[in-house]
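Engineer: Input file: upload20.cif. Contents: mmCIF, C-alpha atoms and all ligand atoms.
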```cif
data_coords
loop_
_atom_site.group_PDB
_atom_site.id
_atom_site.type_symbol
_atom_site.label_atom_id
_atom_site.label_comp_id
_atom_site.auth_asym_id
_atom_site.auth_seq_id
_atom_site.Cartn_x
_atom_site.Cartn_y
_atom_site.Cartn_z
ATOM 1 C CA MET A 1 27.258 -0.802 -20.225
ATOM 2 C CA ALA A 2 24.598 1.085 -18.241
ATOM 3 C CA PHE A 3 22.820 -0.343 -15.202
ATOM 4 C CA LEU A 4 19.555 0.240 -13.445
ATOM 5 C CA GLN A 5 20.530 0.577 -9.786
ATOM 6 C CA ILE A 6 17.730 0.012 -7.314
ATOM 7 C CA PHE A 7 18.601 1.611 -3.954
ATOM 8 C CA TYR A 8 16.777 0.054 -1.004
ATOM 9 C CA SER A 9 17.172 -0.559 2.717
ATOM 10 C CA ARG A 10 14.458 -2.850 4.097
ATOM 11 C CA LEU A 11 13.335 -5.343 1.433
ATOM 12 C CA ARG A 12 9.567 -4.885 1.233
ATOM 13 C CA ALA A 13 7.263 -6.779 -1.117
ATOM 14 C CA GLU A 14 7.602 -3.813 -3.517
ATOM 15 C CA GLU A 15 11.385 -4.010 -3.876
ATOM 16 C CA LYS A 16 11.251 -7.785 -4.433
ATOM 17 C CA LEU A 17 8.656 -7.228 -7.175
ATOM 18 C CA LEU A 18 10.828 -4.542 -8.784
ATOM 19 C CA PHE A 19 13.864 -6.869 -8.822
ATOM 20 C CA LYS A 20 11.734 -9.622 -10.357
ATOM 21 C CA ALA A 21 10.313 -7.277 -12.998
ATOM 22 C CA ALA A 22 13.807 -6.072 -13.984
ATOM 23 C CA GLU A 23 14.962 -9.694 -14.247
ATOM 24 C CA GLN A 24 11.980 -10.652 -16.419
ATOM 25 C CA ARG A 25 12.683 -7.691 -18.747
ATOM 26 C CA THR A 26 16.381 -8.715 -18.780
ATOM 27 C CA ILE A 27 17.309 -5.206 -17.708
ATOM 28 C CA PRO A 28 20.852 -5.161 -16.284
ATOM 29 C CA PHE A 29 20.236 -4.092 -12.702
ATOM 30 C CA GLU A 30 21.945 -3.972 -9.348
ATOM 31 C CA ALA A 31 20.233 -4.000 -5.969
ATOM 32 C CA VAL A 32 22.091 -1.600 -3.682
ATOM 33 C CA ASP A 33 21.530 -1.728 0.079
ATOM 34 C CA VAL A 34 22.212 1.886 1.142
ATOM 35 C CA ARG A 35 23.175 0.707 4.611
ATOM 36 C CA GLU A 36 26.320 -0.764 3.028
ATOM 37 C CA ILE A 37 27.514 2.152 0.922
ATOM 38 C CA ARG A 38 29.610 5.201 1.678
ATOM 39 C CA TRP A 39 29.949 8.484 -0.170
ATOM 40 C CA PRO A 40 32.092 9.556 -2.044
ATOM 41 C CA GLU A 41 33.570 6.061 -2.455
ATOM 42 C CA PHE A 42 30.399 4.611 -4.011
ATOM 43 C CA PRO A 43 31.218 3.804 -7.638
ATOM 44 C CA ILE A 44 28.698 4.737 -10.309
ATOM 45 C CA SER A 45 29.027 5.130 -14.075
ATOM 46 C CA GLN A 46 27.641 7.907 -16.230
ATOM 47 C CA GLY A 47 24.556 6.595 -17.972
ATOM 48 C CA ASP A 48 23.365 4.506 -15.019
ATOM 49 C CA VAL A 49 19.929 5.335 -13.647
ATOM 50 C CA VAL A 50 19.079 5.010 -9.947
ATOM 51 C CA MET A 51 15.663 4.142 -8.574
ATOM 52 C CA THR A 52 15.257 5.494 -5.026
ATOM 53 C CA ARG A 53 13.352 2.848 -3.024
ATOM 54 C CA VAL A 54 14.724 3.361 0.462
ATOM 55 C CA VAL A 55 12.009 3.270 3.167
ATOM 56 C CA SER A 56 13.329 6.502 4.682
ATOM 57 C CA GLN A 57 12.521 9.535 2.493
ATOM 58 C CA VAL A 58 15.322 11.409 4.238
ATOM 59 C CA GLN A 59 17.784 8.819 2.932
ATOM 60 C CA ASN A 60 16.181 8.835 -0.549
ATOM 61 C CA LEU A 61 16.588 12.587 -0.686
ATOM 62 C CA SER A 62 20.249 12.572 0.374
ATOM 63 C CA THR A 63 21.210 9.793 -2.020
ATOM 64 C CA ALA A 64 19.407 11.501 -4.923
ATOM 65 C CA GLN A 65 21.096 14.845 -4.186
ATOM 66 C CA LEU A 66 24.553 13.246 -4.019
ATOM 67 C CA LEU A 67 24.054 11.181 -7.177
ATOM 68 C CA GLU A 68 22.722 14.187 -9.088
ATOM 69 C CA SER A 69 25.888 16.081 -8.156
ATOM 70 C CA ARG A 70 27.675 13.580 -10.404
ATOM 71 C CA GLY A 71 25.130 14.032 -13.187
ATOM 72 C CA ILE A 72 23.376 10.723 -12.423
ATOM 73 C CA ARG A 73 19.658 10.560 -13.248
ATOM 74 C CA THR A 74 17.616 9.423 -10.267
ATOM 75 C CA VAL A 75 13.968 8.387 -10.425
ATOM 76 C CA ASN A 76 12.455 10.262 -8.723
ATOM 77 C CA PRO A 77 14.686 13.357 -8.888
ATOM 78 C CA SER A 78 15.623 14.963 -5.552
ATOM 79 C CA ARG A 79 13.434 18.010 -6.282
ATOM 80 C CA VAL A 80 10.337 15.800 -6.406
ATOM 81 C CA ILE A 81 11.291 13.774 -3.307
ATOM 82 C CA SER A 82 11.797 16.987 -1.388
ATOM 83 C CA LEU A 83 8.591 18.655 -2.603
ATOM 84 C CA CYS A 84 6.367 15.629 -1.931
ATOM 85 C CA GLY A 85 8.120 14.915 1.374
ATOM 86 C CA ASP A 86 6.714 18.138 2.796
ATOM 87 C CA LYS A 87 2.921 18.444 2.934
ATOM 88 C CA ILE A 88 3.074 22.239 3.262
ATOM 89 C CA ALA A 89 5.357 22.597 0.239
ATOM 90 C CA THR A 90 3.038 20.281 -1.708
ATOM 91 C CA ALA A 91 -0.062 22.273 -0.693
ATOM 92 C CA ALA A 92 1.646 25.494 -1.797
ATOM 93 C CA ALA A 93 2.608 23.989 -5.170
ATOM 94 C CA LEU A 94 -0.935 22.652 -5.711
ATOM 95 C CA ASP A 95 -2.332 26.091 -4.892
ATOM 96 C CA ALA A 96 0.020 27.785 -7.335
ATOM 97 C CA ALA A 97 -1.273 25.421 -10.035
ATOM 98 C CA GLN A 98 -4.901 25.998 -8.938
ATOM 99 C CA ILE A 99 -5.429 22.308 -8.213
ATOM 100 C CA PRO A 100 -8.345 21.719 -5.810
ATOM 101 C CA GLN A 101 -7.374 20.457 -2.346
ATOM 102 C CA PRO A 102 -8.940 20.416 1.133
ATOM 103 C CA ARG A 103 -9.078 23.932 2.654
ATOM 104 C CA TYR A 104 -6.035 24.393 4.864
ATOM 105 C CA LYS A 105 -4.281 26.909 7.072
ATOM 106 C CA VAL A 106 -0.718 27.114 8.349
ATOM 107 C CA ALA A 107 0.173 28.734 11.661
ATOM 108 C CA PHE A 108 3.413 29.378 13.532
ATOM 109 C CA SER A 109 2.215 29.756 17.109
ATOM 110 C CA PRO A 110 -0.252 27.816 19.299
ATOM 111 C CA GLU A 111 -2.521 30.904 19.505
ATOM 112 C CA GLU A 112 -2.782 31.311 15.736
ATOM 113 C CA ALA A 113 -3.192 27.534 15.300
ATOM 114 C CA LEU A 114 -6.237 27.670 17.555
ATOM 115 C CA GLY A 115 -7.637 30.660 15.662
ATOM 116 C CA ALA A 116 -7.005 28.906 12.344
ATOM 117 C CA ALA A 117 -8.861 25.783 13.520
ATOM 118 C CA GLU A 118 -11.831 27.903 14.670
ATOM 119 C CA ASP A 119 -11.875 29.630 11.250
ATOM 120 C CA LEU A 120 -11.871 26.346 9.358
ATOM 121 C CA GLY A 121 -14.655 24.923 11.526
ATOM 122 C CA TYR A 122 -14.621 21.579 13.352
ATOM 123 C CA PRO A 123 -13.629 18.861 12.857
ATOM 124 C CA VAL A 124 -10.134 19.772 11.680
ATOM 125 C CA VAL A 125 -7.121 17.603 10.911
ATOM 126 C CA PHE A 126 -3.641 18.486 12.178
ATOM 127 C CA LYS A 127 -0.753 16.838 10.316
ATOM 128 C CA PRO A 128 2.992 16.969 10.638
ATOM 129 C CA ALA A 129 4.413 18.488 7.423
ATOM 130 C CA VAL A 130 6.716 15.464 7.171
ATOM 131 C CA GLY A 131 5.348 11.972 7.747
ATOM 132 C CA SER A 132 3.570 8.982 6.250
ATOM 133 C CA TRP A 133 1.520 5.852 7.035
ATOM 134 C CA GLY A 134 -0.999 8.104 8.774
ATOM 135 C CA ARG A 135 1.380 8.723 11.683
ATOM 136 C CA LEU A 136 0.729 11.611 14.089
ATOM 137 C CA LEU A 137 -2.424 12.735 12.299
ATOM 138 C CA ALA A 138 -5.021 14.182 14.646
ATOM 139 C CA LYS A 139 -8.715 14.765 13.958
ATOM 140 C CA LEU A 140 -10.009 17.273 16.476
ATOM 141 C CA ASN A 141 -13.614 18.112 17.217
ATOM 142 C CA ASP A 142 -13.357 21.178 19.453
ATOM 143 C CA SER A 143 -11.134 23.958 20.756
ATOM 144 C CA GLU A 144 -10.196 22.087 23.941
ATOM 145 C CA ALA A 145 -8.748 19.242 21.900
ATOM 146 C CA VAL A 146 -6.828 21.758 19.747
ATOM 147 C CA GLU A 147 -5.443 23.491 22.851
ATOM 148 C CA ALA A 148 -4.177 20.158 24.180
ATOM 149 C CA LEU A 149 -2.627 19.126 20.867
ATOM 150 C CA VAL A 150 -0.811 22.402 20.217
ATOM 151 C CA GLU A 151 0.580 22.325 23.736
ATOM 152 C CA HIS A 152 1.915 18.804 23.170
ATOM 153 C CA LYS A 153 3.306 19.795 19.785
ATOM 154 C CA SER A 154 5.111 22.785 21.250
ATOM 155 C CA HIS A 155 7.216 20.283 23.233
ATOM 156 C CA MET A 156 7.946 18.065 20.230
ATOM 157 C CA GLY A 157 10.781 19.960 18.589
ATOM 158 C CA ALA A 158 11.336 22.177 15.582
ATOM 159 C CA GLN A 159 9.539 19.946 13.050
ATOM 160 C CA HIS A 160 6.275 20.481 14.928
ATOM 161 C CA SER A 161 6.636 24.251 15.276
ATOM 162 C CA VAL A 162 4.725 24.798 12.022
ATOM 163 C CA PHE A 163 1.055 23.836 12.318
ATOM 164 C CA PHE A 164 -0.542 22.419 9.171
ATOM 165 C CA ILE A 165 -4.312 22.294 9.616
ATOM 166 C CA GLN A 166 -6.863 20.981 7.110
ATOM 167 C CA GLU A 167 -10.618 20.934 7.070
ATOM 168 C CA TYR A 168 -11.924 17.415 7.719
ATOM 169 C CA VAL A 169 -13.361 16.064 4.453
ATOM 170 C CA GLU A 170 -16.387 13.741 4.720
ATOM 171 C CA LYS A 171 -15.274 10.982 2.392
ATOM 172 C CA GLU A 172 -17.928 8.279 2.912
ATOM 173 C CA GLY A 173 -15.488 5.610 4.100
ATOM 174 C CA TRP A 174 -12.846 5.727 1.370
ATOM 175 C CA ASP A 175 -10.218 7.783 -0.371
ATOM 176 C CA LEU A 176 -8.459 7.202 -3.672
ATOM 177 C CA ARG A 177 -4.832 6.354 -4.376
ATOM 178 C CA ALA A 178 -3.841 6.889 -8.018
ATOM 179 C CA ALA A 179 -0.523 5.888 -9.589
ATOM 180 C CA ILE A 180 1.188 7.955 -12.278
ATOM 181 C CA ILE A 181 4.178 6.345 -13.993
ATOM 182 C CA GLY A 182 6.328 8.166 -16.552
ATOM 183 C CA GLY A 183 3.726 10.959 -16.703
ATOM 184 C CA LYS A 184 0.785 8.592 -17.368
ATOM 185 C CA PRO A 185 -2.013 7.816 -14.894
ATOM 186 C CA VAL A 186 -2.033 4.007 -14.925
ATOM 187 C CA ALA A 187 -4.123 2.694 -12.023
ATOM 188 C CA ALA A 188 -6.210 3.706 -9.032
ATOM 189 C CA ILE A 189 -7.577 2.023 -5.912
ATOM 190 C CA GLN A 190 -10.207 2.990 -3.411
ATOM 191 C CA ARG A 191 -8.995 2.544 0.163
ATOM 192 C CA TRP A 192 -11.903 1.639 2.427
ATOM 193 C CA SER A 193 -11.819 1.742 6.188
ATOM 194 C CA ASP A 194 -14.107 2.085 9.188
ATOM 195 C CA HIS A 195 -11.451 4.393 10.601
ATOM 196 C CA TRP A 196 -11.124 7.922 9.203
ATOM 197 C CA ILE A 197 -7.471 7.163 8.349
ATOM 198 C CA THR A 198 -7.685 4.856 5.339
ATOM 199 C CA ASN A 199 -3.998 4.047 4.594
ATOM 200 C CA THR A 200 -3.616 0.382 3.666
ATOM 201 C CA ALA A 201 -0.614 0.339 6.043
ATOM 202 C CA ARG A 202 -3.262 1.009 8.737
ATOM 203 C CA GLY A 203 -5.691 -1.682 7.617
ATOM 204 C CA GLY A 204 -7.537 0.085 4.767
ATOM 205 C CA ARG A 205 -8.981 -2.406 2.213
ATOM 206 C CA ALA A 206 -8.085 -1.820 -1.452
ATOM 207 C CA GLU A 207 -10.508 -2.062 -4.375
ATOM 208 C CA GLY A 208 -9.751 -1.306 -8.034
ATOM 209 C CA TYR A 209 -11.204 1.952 -9.406
ATOM 210 C CA GLU A 210 -11.509 2.959 -13.033
ATOM 211 C CA ILE A 211 -9.901 6.281 -13.976
ATOM 212 C CA ASP A 212 -12.396 8.326 -16.034
ATOM 213 C CA GLY A 213 -11.616 11.301 -18.266
ATOM 214 C CA LYS A 214 -12.112 13.950 -15.563
ATOM 215 C CA LEU A 215 -9.898 12.193 -13.036
ATOM 216 C CA ASN A 216 -7.297 11.546 -15.725
ATOM 217 C CA ASP A 217 -7.198 15.277 -16.580
ATOM 218 C CA LEU A 218 -6.760 16.204 -12.920
ATOM 219 C CA LEU A 219 -3.949 13.660 -12.485
ATOM 220 C CA LEU A 220 -2.185 15.099 -15.537
ATOM 221 C CA LYS A 221 -2.412 18.544 -13.926
ATOM 222 C CA VAL A 222 -0.854 17.119 -10.749
ATOM 223 C CA GLN A 223 1.914 15.573 -12.849
ATOM 224 C CA GLU A 224 2.567 18.890 -14.566
ATOM 225 C CA CYS A 225 2.623 20.691 -11.217
ATOM 226 C CA ILE A 226 4.898 18.255 -9.317
ATOM 227 C CA GLY A 227 6.927 16.676 -12.143
ATOM 228 C CA GLY A 228 8.774 13.403 -11.583
ATOM 229 C CA ASP A 229 8.754 9.793 -12.728
ATOM 230 C CA PHE A 230 6.524 8.023 -10.203
ATOM 231 C CA LEU A 231 3.758 9.720 -8.255
ATOM 232 C CA ALA A 232 1.095 8.254 -5.989
ATOM 233 C CA VAL A 233 -1.684 10.786 -5.558
ATOM 234 C CA ASP A 234 -4.197 10.616 -2.666
ATOM 235 C CA LEU A 235 -7.592 12.161 -3.409
ATOM 236 C CA PHE A 236 -11.029 12.647 -1.834
ATOM 237 C CA LEU A 237 -14.244 12.622 -3.867
ATOM 238 C CA THR A 238 -16.695 15.311 -2.708
ATOM 239 C CA SER A 239 -19.962 16.680 -4.083
ATOM 240 C CA ASN A 240 -17.834 19.426 -5.674
ATOM 241 C CA GLY A 241 -15.473 16.969 -7.344
ATOM 242 C CA TRP A 242 -12.008 15.646 -6.501
ATOM 243 C CA LEU A 243 -9.671 17.176 -3.929
ATOM 244 C CA VAL A 244 -5.972 16.277 -3.978
ATOM 245 C CA ASN A 245 -4.868 15.437 -0.440
ATOM 246 C CA GLU A 246 -1.209 14.563 -0.918
ATOM 247 C CA VAL A 247 1.381 13.256 -3.367
ATOM 248 C CA ASN A 248 3.889 10.504 -2.530
ATOM 249 C CA PRO A 249 7.154 9.996 -4.422
ATOM 250 C CA SER A 250 8.106 6.413 -3.467
ATOM 251 C CA PRO A 251 4.911 4.601 -2.557
ATOM 252 C CA GLU A 252 4.118 1.082 -1.473
ATOM 253 C CA PHE A 253 2.029 -0.369 -4.297
ATOM 254 C CA ARG A 254 1.521 -4.059 -3.474
ATOM 255 C CA ASN A 255 -2.244 -3.575 -2.954
ATOM 256 C CA CYS A 256 -2.636 -1.897 -6.320
ATOM 257 C CA ILE A 257 -1.536 -4.825 -8.508
ATOM 258 C CA CYS A 258 -4.115 -7.610 -8.144
ATOM 259 C CA THR A 259 -6.941 -5.138 -7.418
ATOM 260 C CA THR A 260 -6.402 -3.326 -10.748
ATOM 261 C CA GLY A 261 -4.644 -5.953 -12.894
ATOM 262 C CA VAL A 262 -1.973 -3.348 -13.715
ATOM 263 C CA ASP A 263 1.605 -4.608 -13.457
ATOM 264 C CA ILE A 264 2.938 -1.559 -11.591
ATOM 265 C CA PRO A 265 6.494 -2.901 -10.979
ATOM 266 C CA ASP A 266 6.894 -3.814 -14.647
ATOM 267 C CA LEU A 267 5.803 -0.318 -15.742
ATOM 268 C CA MET A 268 8.144 1.228 -13.168
ATOM 269 C CA VAL A 269 11.261 -0.648 -14.241
ATOM 270 C CA GLN A 270 10.474 -0.047 -17.904
ATOM 271 C CA HIS A 271 10.131 3.671 -17.317
ATOM 272 C CA ALA A 272 13.259 3.825 -15.134
ATOM 273 C CA TRP A 273 15.273 1.943 -17.732
ATOM 274 C CA SER A 274 14.066 4.302 -20.473
ATOM 275 C CA GLN A 275 15.911 7.046 -18.556
ATOM 276 C CA ALA A 276 19.288 5.242 -18.629
ATOM 277 C CA GLY A 277 21.853 7.240 -20.547
ATOM 278 C CA THR A 278 20.166 10.563 -19.722
ATOM 279 C CA GLU A 279 21.636 13.102 -17.330
ATOM 280 C CA ALA A 280 20.282 14.622 -14.127
HETATM 281 N N1 LIG B 1 -8.409 16.409 5.755
HETATM 282 C C1 LIG B 1 -8.785 15.120 5.806
HETATM 283 N N2 LIG B 1 -10.093 14.767 5.816
HETATM 284 C C2 LIG B 1 -10.448 13.462 5.883
HETATM 285 N N3 LIG B 1 -9.589 12.436 5.929
HETATM 286 C C3 LIG B 1 -8.273 12.716 5.919
HETATM 287 C C4 LIG B 1 -7.802 14.063 5.846
HETATM 288 N N4 LIG B 1 -6.453 14.042 5.827
HETATM 289 C C5 LIG B 1 -6.096 12.758 5.884
HETATM 290 N N5 LIG B 1 -7.174 11.941 5.940
HETATM 291 C C6 LIG B 1 -7.132 10.472 6.021
HETATM 292 O O1 LIG B 1 -5.886 10.090 6.571
HETATM 293 C C7 LIG B 1 -5.087 9.375 5.600
HETATM 294 C C8 LIG B 1 -3.633 9.755 5.717
HETATM 295 O O2 LIG B 1 -3.477 11.139 5.469
HETATM 296 P P1 LIG B 1 -2.309 11.693 4.539
HETATM 297 O O3 LIG B 1 -2.463 13.164 4.469
HETATM 298 O O4 LIG B 1 -2.339 10.962 3.233
HETATM 299 O O5 LIG B 1 -1.005 11.360 5.380
HETATM 300 P P2 LIG B 1 0.087 10.187 5.217
HETATM 301 O O6 LIG B 1 1.253 10.854 4.549
HETATM 302 O O7 LIG B 1 0.391 9.782 6.607
HETATM 303 O O8 LIG B 1 -0.493 9.099 4.357
HETATM 304 C C9 LIG B 1 -5.707 9.724 4.258
HETATM 305 O O9 LIG B 1 -5.482 8.708 3.319
HETATM 306 C C10 LIG B 1 -7.184 9.856 4.640
HETATM 307 O O10 LIG B 1 -7.805 8.600 4.763
HETATM 308 MG MG MG B 2 -1.233 9.398 2.325
#
```
Mind converting the file's structure to structure tokens?
Structural biologist:
Amino acid sequence: MAFLQIFYSRLRAEEKLLFKAAEQRTIPFEAVDVREIRWPEFPISQGDVVMTRVVSQVQNLSTAQLLESRGIRTVNPSRVISLCGDKIATAAALDAAQIPQPRYKVAFSPEEALGAAEDLGYPVVFKPAVGSWGRLLAKLNDSEAVEALVEHKSHMGAQHSVFFIQEYVEKEGWDLRAAIIGGKPVAAIQRWSDHWITNTARGGRAEGYEIDGKLNDLLLKVQECIGGDFLAVDLFLTSNGWLVNEVNPSPEFRNCICTTGVDIPDLMVQHAWSQAGTEA
């Protein structure tokens, strides 16, 4: 008999909701705390499907890669976790698919980073290629601030030796978070904040937002470009239309349920279970 295995570490509201949804659907599932397993001893049967819900994307990626080496289907697949886990790789993939995004530049030395920021025009946003919850983002208004930041970054280790710089997008107090499950855009929320960083983990307030035809088409393009089973897409609405800011592979979704009326965890476990019996 096949199982849905839900890999987690810290039990957030999301994981509890996923367990509950699997129970209500009477899907045979196991909750696996990755802190208690060891590879290669971890037993898993062909036909099982694994949902990667560990807080650390580094751990999600490793577990997915190991499981796939045994032919196990993981949702999301490691390729998607790795692509979305790197904002530069995501920007490159979006470009290749001609999906609109904020103008950006990448530089490999403090001097070129400063030149790139000047080219883009202030304010600019510096982001670590790997990160979430709005951590280590910097909005900079002039060259002196850029000089200070790049000097600090040059002492922060290899991960900060590539400078990812975006234009600052005037977004009138909110950005959009849209959920795609099993290839279908299912729900979206506006995230409002007085701060320019609108993540709900940083105090952004969520409000339901209806997905119209144009937005739906763009989200389908993102799905085609990135692939995968669950995507959370962050977007900005500008006078020239939507810009895709980033794509997350294992998002927190608790604020998206009562604001939209869409039962995200139920849709997620149903989709995951539909993949049982398939191979990586
Ligand atoms: N270029 C930008 N212009 C305006 N706001 C931005 C820009 N980049 C990020 N933000 C704000 O910061 C938030 C977090 O940025 P994001 O790139 O999604 O990083 P994280 O992975 O930390 O969520 C976004 O949701 C948005 O509110
Ligand atoms: Mg984000």
Engineer: Which residues are near ligand LIG 1 (chain B) in this structure, taking near to mean any atom at most 8 Å from a ligand atom and counting all atoms listed in the file? Format them as a count of residues only.
Structural biologist: 34
Engineer: Distance atom CA of A:Ile180-atom CA of A:Ala89, one decimal place?
Structural biologist: 19.7 Å
Engineer: I want to know what sits within 12 Å of A:Asp95, based on all atoms listed in the file, with residues of the same chain fewer than 6 positions away left out; could you give that as a PyMOL selection string?
Structural biologist: chain A and resi 88-89+101-104+221-222+225-226+243-245
Engineer: Using all atoms listed in the file, find all polymer residues with an atom at most 8 Å away from the point (11.9, -0.5, -15.5); report them as a CSV table (one decimal) with C-alpha atoms, keeping the file's coordinate frame.
Structural biologist:
```csv
chain,number,residue,atom,x,y,z
A,4,LEU,CA,19.6,0.2,-13.4
A,18,LEU,CA,10.8,-4.5,-8.8
A,21,ALA,CA,10.3,-7.3,-13.0
A,22,ALA,CA,13.8,-6.1,-14.0
A,25,ARG,CA,12.7,-7.7,-18.7
A,27,ILE,CA,17.3,-5.2,-17.7
A,265,PRO,CA,6.5,-2.9,-11.0
A,266,ASP,CA,6.9,-3.8,-14.6
A,267,LEU,CA,5.8,-0.3,-15.7
A,268,MET,CA,8.1,1.2,-13.2
A,269,VAL,CA,11.3,-0.6,-14.2
A,270,GLN,CA,10.5,0.0,-17.9
A,271,HIS,CA,10.1,3.7,-17.3
A,272,ALA,CA,13.3,3.8,-15.1
A,273,TRP,CA,15.3,1.9,-17.7
A,274,SER,CA,14.1,4.3,-20.5
```
Engineer: In Å, how far is it from atom CA of A:Leu61 to atom CA of A:Val34?
Structural biologist: 12.2 Å
Engineer: Please write the residues picked by the PyMOL selection byres (((chain A and resi 147) around 12) and not hetatm) on this file as a list in words.
Structural biologist: Ser109, Pro110, Glu111, Glu112, Ala113, Leu114, Gly115, Ala116, Ala117, Glu118, Phe126, Leu140, Asn141, Asp142, Ser143, Glu144, Ala145, Val146, Ala148, Leu149, Val150, Glu151, His152, Lys153 and Ser154 of chain A
Engineer: Given only C-alpha atoms and all ligand atoms as the basis, pick out the residue of A:Leu231, A:Val50, A:Leu215, A:Ala107 nearest to ligand MG 2 (chain B).
Structural biologist: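 Answer, going by the shortest atom-to-atom distance: A:Leu231.
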Engineer: Care to translate the PyMOL selection byres (((chain A and resi 261) around 12) and not hetatm) into actual residues of this file, as a ChimeraX atom specification?
Structural biologist: /A:186-189,207-210,254-260,262-266
Engineer: Please enumerate the residues selected by the PyMOL selection byres (((chain A and resi 48) around 8) and not hetatm) when evaluated against the supplied file, formatted as a list in words.
Structural biologist: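 Applied to this file, the PyMOL selection byres (((chain A and resi 48) around 8) and not hetatm) selects Ala2, Phe3, Leu4, Gln5, Ile44, Ser45, Gln46, Gly47, Val49, Val50, Ile72, Arg73, Ala276 and Gly277 of chain A.
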Engineer: Write out as a ChimeraX atom specification the residues lying within 9 Å of A:Leu220, counting only C-alpha atoms and excluding same-chain residues fewer than 3 positions away.
Structural biologist: /A:180,183-185,215-217,223-225
Engineer: Using only C-alpha atoms, which protein or nucleic acid residues come within 10 Å of stretch 35-37 of chain A? Drop anything in the same chain fewer than 3 positions from it, and give the result as number ranges by chain.
Structural biologist: A: 7-10, 32, 40-43, 54, 59
Engineer: So, counting all atoms listed in the file, which residue among A:Gly227, A:Gly173, A:Gly204, A:Pro77 is closest to ligand MG 2 (chain B)?
Structural biologist: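 Under the stated criterion, the closest residue is A:Gly204.
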Engineer: Go through A:Glu172, A:Ile165, A:Arg177, A:Leu67 one by one, measure the shortest atom-to-atom distance of each to A:Ser193 using all atoms listed in the file, and give the residue with the smallest value.
Structural biologist: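 Closest to A:Ser193, using all atoms listed in the file: A:Glu172.
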Engineer: Would you mind telling me which residue in A:Lys139, A:His195, A:Pro128, A:Ser250 lies nearest to A:Phe163 when using all atoms listed in the file?
Structural biologist: A:Pro128
Engineer: Measure the distance from atom CA of A:Ala206 to atom CA of A:Gln190 in Å and round it to one decimal.
Structural biologist: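 According to the coordinates, atom CA of A:Ala206 and atom CA of A:Gln190 are separated by 5.6 Å.
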Engineer: Counting all atoms listed in the file, which of A:Thr200, A:Ser62, A:Ser239, A:Gln275 gets nearest to ligand MG 2 (chain B)?
Structural biologist: A:Thr200
